[in-house]
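Text of the file upload_24.cif, holding mmCIF, C-alpha atoms and all ligand atoms:
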data_input
#
loop_
_atom_site.label_atom_id
_atom_site.label_comp_id
_atom_site.auth_asym_id
_atom_site.auth_seq_id
_atom_site.Cartn_x
_atom_site.Cartn_y
_atom_site.Cartn_z
CA MET A 1104 -5.36 -19.08 -13.76
CA ASN A 1105 -8.06 -16.72 -12.45
CA VAL A 1106 -7.41 -13.76 -10.18
CA LEU A 1107 -9.79 -11.91 -7.87
CA ILE A 1108 -9.05 -8.24 -7.11
CA LEU A 1109 -10.98 -6.98 -4.08
CA SER A 1110 -11.93 -3.35 -3.44
CA ALA A 1111 -10.63 -2.41 -6.88
CA GLY A 1112 -11.81 1.19 -6.47
CA THR A 1113 -9.96 3.47 -8.83
CA ARG A 1114 -6.98 1.18 -9.47
CA ASN A 1115 -7.86 0.64 -13.14
CA LYS A 1116 -4.26 0.09 -14.18
CA ILE A 1117 -3.80 -2.86 -11.82
CA VAL A 1118 -6.84 -4.59 -13.30
CA GLN A 1119 -5.61 -3.82 -16.82
CA TYR A 1120 -2.12 -5.21 -16.08
CA PHE A 1121 -3.54 -8.50 -14.77
CA ARG A 1122 -5.77 -8.86 -17.82
CA LYS A 1123 -2.86 -8.17 -20.12
CA ALA A 1124 -0.67 -10.70 -18.30
CA LEU A 1125 -3.34 -13.39 -18.41
CA ASN A 1126 -4.00 -12.56 -22.05
CA GLY A 1127 -7.12 -14.69 -22.36
CA HIS A 1128 -5.55 -17.65 -20.49
CA GLY A 1129 -7.35 -16.68 -17.32
CA ARG A 1130 -9.85 -14.18 -16.07
CA VAL A 1131 -9.69 -11.17 -13.81
CA ILE A 1132 -12.66 -10.73 -11.50
CA ALA A 1133 -13.00 -7.49 -9.54
CA THR A 1134 -15.19 -6.45 -6.63
CA ASP A 1135 -16.18 -3.25 -4.93
CA LEU A 1136 -19.00 -2.13 -2.70
CA SER A 1137 -19.82 0.68 -5.10
CA ASP A 1138 -21.00 0.40 -8.69
CA LEU A 1139 -19.22 3.72 -9.24
CA ALA A 1140 -15.77 2.20 -8.70
CA PRO A 1141 -14.28 2.64 -12.18
CA ALA A 1142 -11.75 -0.20 -11.92
CA ILE A 1143 -14.44 -2.91 -11.80
CA TYR A 1144 -15.36 -2.08 -15.41
CA GLU A 1145 -11.86 -3.06 -16.55
CA ALA A 1146 -12.33 -6.63 -15.31
CA ASP A 1147 -13.69 -9.67 -17.18
CA ARG A 1148 -16.47 -9.76 -14.61
CA TYR A 1149 -17.28 -7.80 -11.48
CA TYR A 1150 -19.31 -8.27 -8.34
CA LEU A 1151 -20.79 -5.66 -6.03
CA VAL A 1152 -20.20 -6.87 -2.49
CA PRO A 1153 -21.10 -5.81 1.08
CA VAL A 1154 -18.86 -3.50 3.08
CA ILE A 1155 -15.79 -5.38 4.40
CA THR A 1156 -17.03 -5.13 8.01
CA ALA A 1157 -20.33 -6.91 7.23
CA PRO A 1158 -20.65 -10.39 8.77
CA ASP A 1159 -21.42 -11.93 5.37
CA TYR A 1160 -18.46 -10.28 3.63
CA ILE A 1161 -15.95 -13.15 3.73
CA PRO A 1162 -18.61 -15.81 2.93
CA THR A 1163 -19.62 -13.69 -0.09
CA ILE A 1164 -16.03 -13.47 -1.31
CA LEU A 1165 -15.52 -17.23 -0.79
CA ASP A 1166 -18.66 -17.88 -2.85
CA ILE A 1167 -17.27 -15.76 -5.67
CA CYS A 1168 -13.96 -17.67 -5.46
CA ARG A 1169 -15.71 -21.03 -5.84
CA LYS A 1170 -18.03 -19.83 -8.59
CA GLU A 1171 -15.27 -18.21 -10.61
CA ASN A 1172 -12.63 -20.85 -9.93
CA ILE A 1173 -10.25 -18.29 -8.44
CA ASP A 1174 -6.57 -19.17 -7.89
CA GLY A 1175 -5.31 -16.00 -6.19
CA VAL A 1176 -6.96 -13.13 -4.34
CA LEU A 1177 -5.62 -9.71 -3.34
CA SER A 1178 -7.04 -6.50 -1.93
CA LEU A 1179 -6.14 -2.94 -2.85
CA ILE A 1180 -7.23 -1.25 0.40
CA ASP A 1181 -5.53 -1.18 3.81
CA PRO A 1182 -8.36 -2.15 6.18
CA GLU A 1183 -9.04 -5.34 4.21
CA LEU A 1184 -5.48 -6.72 4.24
CA GLY A 1185 -5.60 -8.11 7.78
CA LEU A 1186 -9.06 -9.56 7.18
CA LEU A 1187 -7.83 -11.53 4.16
CA ALA A 1188 -4.80 -12.79 6.09
CA GLU A 1189 -7.01 -13.81 8.99
CA ASN A 1190 -9.14 -15.93 6.64
CA GLU A 1191 -6.21 -17.41 4.76
CA GLU A 1192 -7.12 -20.98 5.80
CA SER A 1193 -10.68 -20.67 4.49
CA PHE A 1194 -9.32 -19.38 1.19
CA LYS A 1195 -6.80 -22.19 1.06
CA ALA A 1196 -9.61 -24.70 1.61
CA ALA A 1197 -11.31 -23.17 -1.45
CA GLY A 1198 -8.09 -23.57 -3.45
CA VAL A 1199 -7.27 -19.86 -3.32
CA THR A 1200 -3.93 -18.27 -2.41
CA VAL A 1201 -4.10 -14.97 -0.52
CA ILE A 1202 -1.46 -12.71 -2.06
CA GLY A 1203 -0.27 -10.73 0.93
CA SER A 1204 1.40 -10.65 4.32
CA SER A 1205 0.41 -12.23 7.63
CA ARG A 1206 -2.32 -10.81 9.85
CA GLU A 1207 0.30 -9.66 12.34
CA LEU A 1208 2.24 -7.72 9.72
CA CYS A 1209 -0.87 -6.20 8.15
CA ASP A 1210 -1.83 -4.91 11.61
CA LEU A 1211 1.68 -3.63 12.21
CA ALA A 1212 1.67 -1.74 8.91
CA LEU A 1213 -1.80 -0.31 9.54
CA ASN A 1214 -0.93 1.02 12.98
CA LYS A 1215 1.67 3.78 12.59
CA MET A 1216 2.43 3.82 16.32
CA LYS A 1217 3.06 0.06 16.43
CA MET A 1218 5.27 0.41 13.36
CA TYR A 1219 7.17 3.23 15.04
CA HIS A 1220 7.94 1.07 18.07
CA TRP A 1221 8.95 -1.84 15.83
CA LEU A 1222 11.31 0.37 13.82
CA VAL A 1223 12.94 1.87 16.93
CA CYS A 1224 13.26 -1.55 18.54
CA HIS A 1225 14.99 -2.97 15.44
CA GLY A 1226 17.34 -0.05 14.99
CA TYR A 1227 15.88 1.66 11.91
CA LYS A 1228 15.85 5.43 11.49
CA CYS A 1229 12.32 6.85 11.61
CA ALA A 1230 10.38 9.91 12.78
CA ARG A 1231 10.02 10.12 16.55
CA SER A 1232 6.34 9.72 17.40
CA TRP A 1233 4.08 10.34 20.39
CA THR A 1234 0.50 9.50 21.30
CA SER A 1235 0.73 11.14 24.70
CA ARG A 1236 0.48 14.92 24.52
CA ASP A 1237 2.06 15.18 27.96
CA ASP A 1238 5.14 13.26 26.80
CA PHE A 1239 5.30 15.39 23.69
CA ALA A 1240 4.98 18.63 25.71
CA ARG A 1241 7.79 17.42 27.99
CA CYS A 1242 10.00 16.79 24.94
CA VAL A 1243 9.21 20.27 23.59
CA ALA A 1244 10.07 21.79 26.98
CA ASN A 1245 13.45 20.05 27.19
CA GLY A 1246 14.29 20.69 23.54
CA GLU A 1247 14.01 17.06 22.34
CA ALA A 1248 11.10 17.99 20.08
CA VAL A 1249 10.64 21.05 17.91
CA PHE A 1250 7.87 22.46 15.75
CA PRO A 1251 6.67 21.93 13.11
CA VAL A 1252 5.37 18.40 13.68
CA PHE A 1253 2.91 16.23 11.78
CA MET A 1254 -0.34 15.11 13.37
CA LYS A 1255 -2.15 12.16 11.87
CA PRO A 1256 -4.52 9.31 12.78
CA VAL A 1257 -2.70 6.27 14.20
CA GLU A 1258 -4.52 4.07 11.67
CA GLY A 1259 -5.07 6.57 8.86
CA SER A 1260 -4.52 6.34 5.14
CA ALA A 1261 -4.71 8.48 1.98
CA SER A 1262 -3.37 11.49 3.94
CA ILE A 1263 -6.78 12.00 5.56
CA SER A 1264 -6.61 14.28 8.63
CA ILE A 1265 -2.86 14.80 8.27
CA THR A 1266 -1.78 18.26 9.35
CA LYS A 1267 1.53 20.04 9.65
CA VAL A 1268 1.35 21.79 13.01
CA PHE A 1269 3.39 24.76 14.18
CA ASP A 1270 2.35 25.27 17.83
CA MET A 1271 1.02 23.54 20.94
CA GLU A 1272 -2.28 25.39 20.76
CA THR A 1273 -3.06 23.69 17.44
CA VAL A 1274 -1.88 20.32 18.77
CA ASN A 1275 -4.44 20.63 21.57
CA LEU A 1276 -7.17 21.87 19.25
CA LEU A 1277 -6.74 18.98 16.80
CA ALA A 1278 -6.55 16.43 19.62
CA ALA A 1279 -9.80 17.80 21.06
CA HIS A 1280 -11.58 17.24 17.75
CA GLU A 1281 -10.30 13.82 16.79
CA ASP A 1282 -9.44 10.70 18.79
CA ARG A 1283 -6.41 8.53 18.21
CA LEU A 1284 -4.16 11.14 16.67
CA MET A 1285 -0.41 10.78 16.90
CA ILE A 1286 2.24 13.46 16.80
CA GLN A 1287 5.27 12.91 14.63
CA GLU A 1288 8.57 14.68 14.19
CA PHE A 1289 8.70 16.49 10.81
CA LEU A 1290 10.97 14.68 8.38
CA ASN A 1291 12.51 17.41 6.27
CA GLY A 1292 13.92 15.61 3.28
CA GLN A 1293 13.35 14.00 -0.10
CA GLU A 1294 10.35 11.66 -0.10
CA ILE A 1295 10.97 8.26 -1.64
CA GLY A 1296 8.64 5.46 -2.65
CA ALA A 1297 9.63 1.81 -3.01
CA ASP A 1298 7.59 -0.90 -4.74
CA VAL A 1299 8.83 -4.25 -3.52
CA TYR A 1300 7.95 -7.86 -4.31
CA ILE A 1301 8.77 -10.59 -1.84
CA ASP A 1302 8.47 -14.04 -3.40
CA MET A 1303 5.60 -15.91 -1.76
CA ILE A 1304 7.38 -19.25 -2.20
CA SER A 1305 11.02 -18.50 -1.36
CA GLY A 1306 10.37 -15.54 0.96
CA GLU A 1307 13.21 -13.68 -0.83
CA VAL A 1308 13.01 -10.03 -1.87
CA VAL A 1309 13.08 -10.48 -5.66
CA SER A 1310 12.28 -7.01 -7.01
CA ILE A 1311 12.72 -3.44 -5.77
CA PHE A 1312 11.79 -0.25 -7.64
CA THR A 1313 12.59 3.10 -6.04
CA LYS A 1314 11.51 6.59 -7.02
CA LYS A 1315 11.92 10.12 -5.79
CA LYS A 1316 8.57 11.79 -5.30
CA ILE A 1317 8.50 15.13 -7.07
CA LYS A 1318 4.94 16.18 -6.38
CA MET A 1319 2.18 14.83 -4.14
CA ARG A 1320 -1.50 15.50 -4.70
CA ALA A 1321 -4.49 14.33 -2.61
CA GLY A 1322 -2.32 11.88 -0.66
CA GLU A 1323 -0.81 10.29 -3.74
CA THR A 1324 2.36 10.63 -5.73
CA ASP A 1325 1.50 12.76 -8.74
CA LYS A 1326 4.95 13.04 -10.34
CA ALA A 1327 8.04 10.99 -9.60
CA VAL A 1328 11.35 9.89 -11.10
CA SER A 1329 13.07 6.52 -10.77
CA PHE A 1330 16.53 6.27 -9.23
CA LYS A 1331 18.81 3.61 -7.79
CA ASP A 1332 21.02 3.48 -4.74
CA PRO A 1333 22.59 0.19 -3.64
CA ALA A 1334 22.57 1.39 -0.02
CA LEU A 1335 18.81 1.94 -0.21
CA PHE A 1336 18.25 -1.48 -1.81
CA ALA A 1337 20.28 -3.06 1.00
CA LEU A 1338 18.29 -1.23 3.68
CA ILE A 1339 14.97 -2.24 2.10
CA GLU A 1340 16.08 -5.87 1.81
CA ARG A 1341 17.20 -5.99 5.42
CA PHE A 1342 14.02 -4.34 6.66
CA VAL A 1343 11.64 -6.48 4.61
CA ARG A 1344 13.43 -9.70 5.52
CA GLU A 1345 13.57 -8.85 9.21
CA ALA A 1346 9.86 -7.93 9.31
CA GLY A 1347 8.82 -10.90 7.14
CA PHE A 1348 6.51 -9.24 4.60
CA ARG A 1349 5.22 -11.33 1.67
CA GLY A 1350 3.96 -10.48 -1.82
CA GLN A 1351 3.57 -6.91 -3.03
CA ILE A 1352 4.39 -4.04 -0.65
CA ASP A 1353 4.87 -0.31 -0.92
CA ILE A 1354 7.25 1.55 1.39
CA ASP A 1355 7.48 5.31 2.04
CA LEU A 1356 10.90 6.61 3.05
CA PHE A 1357 12.68 9.93 3.42
CA ASP A 1358 16.24 10.76 2.45
CA ILE A 1359 17.55 13.28 4.97
CA ASN A 1360 21.10 14.33 4.12
CA GLY A 1361 21.93 10.90 2.76
CA GLU A 1362 20.32 8.92 5.59
CA TYR A 1363 17.21 6.89 4.89
CA TYR A 1364 14.27 7.07 7.30
CA ILE A 1365 11.45 4.52 7.02
CA SER A 1366 8.07 6.24 7.22
CA GLU A 1367 5.30 3.84 6.24
CA VAL A 1368 4.54 0.44 4.75
CA ASN A 1369 1.44 -0.55 2.82
CA PRO A 1370 1.43 -4.33 2.25
CA ARG A 1371 -0.39 -4.04 -1.10
CA PHE A 1372 -0.06 -2.37 -4.52
CA GLY A 1373 0.38 1.35 -3.91
CA GLY A 1374 -1.31 3.98 -6.05
CA GLY A 1375 2.05 4.73 -7.66
CA TYR A 1376 2.79 1.14 -8.75
CA PRO A 1377 2.15 1.87 -12.48
CA HIS A 1378 5.44 3.80 -12.45
CA ALA A 1379 7.34 0.64 -11.46
CA TYR A 1380 5.44 -1.52 -13.95
CA GLU A 1381 5.95 0.83 -16.89
CA ALA A 1382 9.64 1.12 -16.02
CA GLY A 1383 10.00 -2.66 -16.28
CA CYS A 1384 9.25 -4.03 -12.81
CA ASP A 1385 6.42 -6.39 -13.73
CA HIS A 1386 5.28 -7.69 -10.35
CA ILE A 1387 2.07 -9.05 -11.90
CA ALA A 1388 4.16 -11.68 -13.69
CA LEU A 1389 5.89 -12.47 -10.38
CA ILE A 1390 2.50 -13.02 -8.72
CA LEU A 1391 1.28 -15.26 -11.55
CA ASN A 1392 4.50 -17.32 -11.37
CA ASN A 1393 3.96 -17.79 -7.64
CA LEU A 1394 0.34 -18.81 -8.19
CA GLN A 1395 1.59 -21.45 -10.64
CA GLY A 1396 3.96 -22.79 -7.98
CA THR A 1397 7.10 -21.27 -9.47
CA ALA A 1398 9.51 -19.25 -7.31
CA ASN A 1399 10.95 -16.10 -8.94
CA SER A 1400 14.64 -15.41 -9.20
CA LYS A 1401 16.07 -12.28 -7.65
CA LYS A 1402 16.31 -9.24 -9.96
CA ILE A 1403 16.74 -6.17 -7.77
CA GLY A 1404 16.79 -2.83 -9.56
CA ALA A 1405 15.91 -4.20 -13.02
CA TYR A 1406 14.89 -0.81 -14.43
CA ASP A 1407 16.40 2.42 -15.73
CA GLU A 1408 17.09 5.51 -13.68
CA GLY A 1409 15.60 8.81 -14.79
CA VAL A 1410 12.19 7.41 -15.82
CA TYR A 1411 9.49 9.96 -14.98
CA MET A 1412 5.86 9.29 -14.09
CA MET A 1413 3.16 11.94 -14.57
CA LYS A 1414 -0.39 11.11 -13.49
CA TYR A 1415 -3.43 12.37 -15.33
CA ASN A 1416 -7.17 11.86 -15.12
CA GLU A 1417 -9.30 9.43 -17.11
CA VAL A 1418 -13.03 8.81 -17.03
CA ILE A 1419 -15.39 5.87 -17.45
CA ILE A 1420 -18.91 6.49 -18.76
CA ARG A 1421 -21.80 4.08 -18.06
CA LYS A 1422 -25.57 4.22 -18.40
CA THR A 1423 -27.74 3.42 -15.37
CA ASP A 1424 -28.87 0.07 -16.84
CA ASP A 1425 -25.29 -1.07 -17.37
CA LEU A 1426 -24.12 -0.24 -13.87
CA ARG A 1427 -25.40 -3.38 -12.19
CA ALA A 1428 -25.01 -5.79 -15.08
CA GLY A 1429 -22.04 -7.58 -13.50
CA LYS A 1430 -20.29 -8.11 -16.80
CA ALA A 1431 -17.69 -5.50 -17.54
N1 LIG B 1 6.59 13.04 9.81
C1 LIG B 1 6.43 13.53 8.59
N2 LIG B 1 7.31 14.39 8.06
C2 LIG B 1 7.13 14.90 6.81
N3 LIG B 1 6.10 14.60 6.03
C3 LIG B 1 5.17 13.76 6.50
C4 LIG B 1 5.28 13.16 7.80
N4 LIG B 1 4.21 12.38 8.00
C5 LIG B 1 3.46 12.46 6.89
N5 LIG B 1 4.02 13.28 5.97
C6 LIG B 1 3.46 13.60 4.64
O1 LIG B 1 2.12 13.12 4.57
C7 LIG B 1 2.00 12.02 3.64
C8 LIG B 1 1.08 10.95 4.19
O2 LIG B 1 1.56 10.48 5.43
P1 LIG B 1 1.65 8.94 5.77
O3 LIG B 1 2.28 8.79 7.10
O4 LIG B 1 2.31 8.20 4.65
O5 LIG B 1 0.13 8.51 5.93
P2 LIG B 1 -0.94 7.84 4.94
O6 LIG B 1 -1.20 6.50 5.55
O7 LIG B 1 -2.14 8.73 5.03
O8 LIG B 1 -0.32 7.73 3.58
C9 LIG B 1 3.42 11.53 3.44
O9 LIG B 1 3.57 10.90 2.19
C10 LIG B 1 4.20 12.84 3.56
O10 LIG B 1 4.08 13.59 2.36
MG MG B 2 1.70 7.03 3.01
#
Translate this structure into structure tokens?
Ligand SMILES: Nc1ncnc2c1ncn2[C@@H]1O[C@H](COP(=O)(O)OP(=O)(O)O)[C@@H](O)[C@H]1O
Ligand SMILES: [Mg+2]
Amino acid sequence: MNVLILSAGTRNKIVQYFRKALNGHGRVIATDLSDLAPAIYEADRYYLVPVITAPDYIPTILDICRKENIDGVLSLIDPELGLLAENEESFKAAGVTVIGSSRELCDLALNKMKMYHWLVCHGYKCARSWTSRDDFARCVANGEAVFPVFMKPVEGSASISITKVFDMETVNLLAAHEDRLMIQEFLNGQEIGADVYIDMISGEVVSIFTKKKIKMRAGETDKAVSFKDPALFALIERFVREAGFRGQIDIDLFDINGEYYISEVNPRFGGGYPHAYEAGCDHIALILNNLQGTANSKKIGAYDEGVYMMKYNEVIIRKTDDLRAGKA
């Protein structure tokens, strides 16, 4: 069983967990476009590949799959998820399973405005959002919208260009400097993260880990604590089943006075997944079972409450000559 992790970047732990799970019975191959992506050096072998938008990107990845006898492939970055889904048939023809959701759902998750409309249409609580400044101004004038609001790119990630805005003047200023910004009602509550695995064979939600975010830093959860609420598990199950996600996903929610608001979905391993893994939610094993043709049984909330996660920095040191060697 060999696994290919694309755009591994700084997700060293994910590569480590796969290697540990395979324990010499299979290999983990990682790729990135940069030889300064630390996670590639955790893999059994790595490849430096073109940027995902290059015409030869998918052919390059398929070549690696054939050469390395890959069984399953997954990506760790948002813009690549839809691309993988779109090429699912080519991967299948090469004997490779794409671990992820459909093209349609990857696009839905990437586009925060599309997701907003989907959530409203299906009756889920979420932050009211606008792309039209005129509509927003009208809502402010009639009292339906109040400051502060959040402004962010419709297809952004990693908290880039996200601003808390307190007046219309700043709304106009930001909009003048950047295209495709959306305006979103400020959700004033406890931020929550959920790491969810949807079995790729049965389509069932088989594992959910939820945490309260204590501190965010540079767009990522820096400190968090696990907790459980059956009502939250039920909401997540309903949402995930109704949308039809597959494989590993990460959901951002807010708890506002006991009501859960869905904020964002990333249909991939989130940066905070190590918290779930270390607390006992081993989704790597679930993936490997699926790749072997085995469906997983449902074990929602199989972890302890009150488990804290604290991130810290690590470094990898390499000499110039070793950077492009390909063998980690
Ligand atoms: N409407 C909002 N209300 C309160 N906080 C928000 C809102 N939108 C974004 N944030 C804050 O910014 C972070 C990143 O926003 P998010 O929508 O998840 O975009 P990204 O794709 O960049 O992660 C969130 O985790 C949250 O801390
Ligand atoms: Mg987010």
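Near Asn1291 in chain A, within 9 Å and counting only C-alpha atoms, sit Phe1357, Asp1358 and Ile1359 of chain A; same-chain residues fewer than 5 positions away were not included.
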For ligand LIG 1 (chain B), return the neighbouring residues as a PyMOL selection string (distance at most 10 Å; all atoms listed in the file).
chain A and resi 1181+1212-1215+1229-1232+1251-1267+1286-1296+1316+1318-1324+1354-1357+1366-1369+1373
Of the residues A:Phe1194, A:Ala1334, A:His1220, A:Ile1339, which is the one nearest to Gly1361 in chain A, using all atoms listed in the file?
A:Ala1334
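The two atoms in question, CA of His1128 in chain A and CA of Val1106 in chain A, are spaced 11.2 Å apart.
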Separation of CA of Leu1184 in chain A and CA of Cys1209 in chain A, in Å?
6.1 Å
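Among the candidate residues A:Ala1388, A:Pro1370, A:Val1308, A:Gln1395, the one lying nearest to ligand MG 2 (chain B) is A:Pro1370, with distances computed using only C-alpha atoms and all ligand atoms.
Considering the residues A:Val1410, A:Leu1277, A:Ile1180, A:Ile1387 and counting all atoms listed in the file, Val1328 in chain A has its shortest atom-to-atom contact with A:Val1410.
From CA of Asp1159 in chain A back to CA of Asp1138 in chain A, the distance works out to 18.7 Å.
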Measuring atom to atom with all atoms listed in the file, identify which of A:Ala1124, A:Val1268, A:Val1118, A:Met1412 is nearest to Ile1143 in chain A.
A:Val1118
Tell me, as a PyMOL selection string, which residues lie within 12 Å of Asn1172 in chain A, counting only C-alpha atoms; anything in the same chain fewer than 3 positions away does not count.
chain A and resi 1104-1107+1129-1132+1164-1169+1175-1176+1194+1197-1200
Which neighbours of Ile1117 in chain A fall inside 9 Å, counting all atoms listed in the file, when residues of the same chain fewer than 4 positions from it are skipped, and could you give them as a ChimeraX atom specification?
/A:1108,1111,1121-1122,1142,1372,1376-1377,1387
Tell me which protein, DNA and RNA residues are within 12 Å of Phe1239 in chain A, counting all atoms listed in the file, leaving out same-chain ones fewer than 3 positions away, and put them as a list of chain:residue names.
A:Arg1231, A:Ser1232, A:Trp1233, A:Thr1234, A:Ser1235, A:Arg1236, A:Cys1242, A:Val1243, A:Ala1244, A:Asn1245, A:Gly1246, A:Glu1247, A:Ala1248, A:Val1249, A:Phe1250, A:Val1252, A:Met1254, A:Asp1270, A:Met1271, A:Val1274, A:Asn1275, A:Met1285, A:Ile1286, A:Gln1287, A:Glu1288
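Shortest atom-to-atom contact with ligand MG 2 (chain B) among A:Ala1405, A:Val1309, A:Ala1297, A:Ile1419: A:Ala1297, counting only C-alpha atoms and all ligand atoms.
With all atoms listed in the file as the atoms that count, the residue of A:Leu1151, A:Leu1391, A:Ile1352, A:Ala1240 with the shortest distance to ligand MG 2 (chain B) is A:Ile1352.
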Could you give me, as a PyMOL selection string, the residues within 8 Å of Leu1187 in chain A, counting only C-alpha atoms and dropping anything in the same chain fewer than 5 positions from it?
chain A and resi 1178+1201+1206
Report the centre and edge lengths, in Å to one decimal, of an axis-aligned box enclosing every atom of range 1169-1178 of chain A listed in the file, padded by 3 Å on each side, as lines of an AutoDock Vina configuration file.
center_x = -11.7
center_y = -13.8
center_z = -6.3
size_x = 18.7
size_y = 20.5
size_z = 14.7
Taking the partial coordinates given, rebuild range 1414-1426 of chain A to contain N, CA, C and O atoms; return it as a PDB file, keeping the file's coordinate frame.
ATOM      1  N   LYS A1414       0.992  11.611 -13.518  1.00  0.00           N
ATOM      2  CA  LYS A1414      -0.390  11.110 -13.490  1.00  0.00           C
ATOM      3  C   LYS A1414      -1.310  12.071 -14.215  1.00  0.00           C
ATOM      4  O   LYS A1414      -1.082  13.272 -14.237  1.00  0.00           O
ATOM      5  N   TYR A1415      -2.382  11.514 -14.788  1.00  0.00           N
ATOM      6  CA  TYR A1415      -3.430  12.370 -15.330  1.00  0.00           C
ATOM      7  C   TYR A1415      -4.773  11.677 -15.167  1.00  0.00           C
ATOM      8  O   TYR A1415      -4.821  10.493 -14.862  1.00  0.00           O
ATOM      9  N   ASN A1416      -5.839  12.411 -15.368  1.00  0.00           N
ATOM     10  CA  ASN A1416      -7.170  11.860 -15.120  1.00  0.00           C
ATOM     11  C   ASN A1416      -7.730  11.146 -16.323  1.00  0.00           C
ATOM     12  O   ASN A1416      -7.486  11.520 -17.463  1.00  0.00           O
ATOM     13  N   GLU A1417      -8.536  10.118 -16.076  1.00  0.00           N
ATOM     14  CA  GLU A1417      -9.300   9.430 -17.110  1.00  0.00           C
ATOM     15  C   GLU A1417     -10.732   9.316 -16.601  1.00  0.00           C
ATOM     16  O   GLU A1417     -10.980   9.512 -15.413  1.00  0.00           O
ATOM     17  N   VAL A1418     -11.654   8.986 -17.476  1.00  0.00           N
ATOM     18  CA  VAL A1418     -13.030   8.810 -17.030  1.00  0.00           C
ATOM     19  C   VAL A1418     -13.632   7.543 -17.620  1.00  0.00           C
ATOM     20  O   VAL A1418     -13.199   7.084 -18.685  1.00  0.00           O
ATOM     21  N   ILE A1419     -14.609   6.982 -16.917  1.00  0.00           N
ATOM     22  CA  ILE A1419     -15.390   5.870 -17.450  1.00  0.00           C
ATOM     23  C   ILE A1419     -16.842   6.333 -17.476  1.00  0.00           C
ATOM     24  O   ILE A1419     -17.312   6.971 -16.530  1.00  0.00           O
ATOM     25  N   ILE A1420     -17.519   6.058 -18.595  1.00  0.00           N
ATOM     26  CA  ILE A1420     -18.910   6.490 -18.760  1.00  0.00           C
ATOM     27  C   ILE A1420     -19.804   5.247 -18.850  1.00  0.00           C
ATOM     28  O   ILE A1420     -19.485   4.315 -19.587  1.00  0.00           O
ATOM     29  N   ARG A1421     -20.873   5.221 -18.070  1.00  0.00           N
ATOM     30  CA  ARG A1421     -21.800   4.080 -18.060  1.00  0.00           C
ATOM     31  C   ARG A1421     -23.228   4.575 -17.948  1.00  0.00           C
ATOM     32  O   ARG A1421     -23.496   5.543 -17.237  1.00  0.00           O
ATOM     33  N   LYS A1422     -24.161   3.871 -18.586  1.00  0.00           N
ATOM     34  CA  LYS A1422     -25.570   4.220 -18.400  1.00  0.00           C
ATOM     35  C   LYS A1422     -26.112   3.485 -17.179  1.00  0.00           C
ATOM     36  O   LYS A1422     -25.587   2.422 -16.823  1.00  0.00           O
ATOM     37  N   THR A1423     -27.163   4.011 -16.580  1.00  0.00           N
ATOM     38  CA  THR A1423     -27.740   3.420 -15.370  1.00  0.00           C
ATOM     39  C   THR A1423     -27.945   1.911 -15.527  1.00  0.00           C
ATOM     40  O   THR A1423     -27.561   1.133 -14.662  1.00  0.00           O
ATOM     41  N   ASP A1424     -28.539   1.485 -16.637  1.00  0.00           N
ATOM     42  CA  ASP A1424     -28.870   0.070 -16.840  1.00  0.00           C
ATOM     43  C   ASP A1424     -27.632  -0.816 -16.857  1.00  0.00           C
ATOM     44  O   ASP A1424     -27.703  -1.996 -16.543  1.00  0.00           O
ATOM     45  N   ASP A1425     -26.510  -0.264 -17.259  1.00  0.00           N
ATOM     46  CA  ASP A1425     -25.290  -1.070 -17.370  1.00  0.00           C
ATOM     47  C   ASP A1425     -24.517  -1.142 -16.057  1.00  0.00           C
ATOM     48  O   ASP A1425     -23.594  -1.935 -15.923  1.00  0.00           O
ATOM     49  N   LEU A1426     -24.904  -0.314 -15.100  1.00  0.00           N
ATOM     50  CA  LEU A1426     -24.120  -0.240 -13.870  1.00  0.00           C
ATOM     51  C   LEU A1426     -24.140  -1.544 -13.089  1.00  0.00           C
ATOM     52  O   LEU A1426     -23.153  -1.958 -12.528  1.00  0.00           O
TER      53      LEU A1426
END
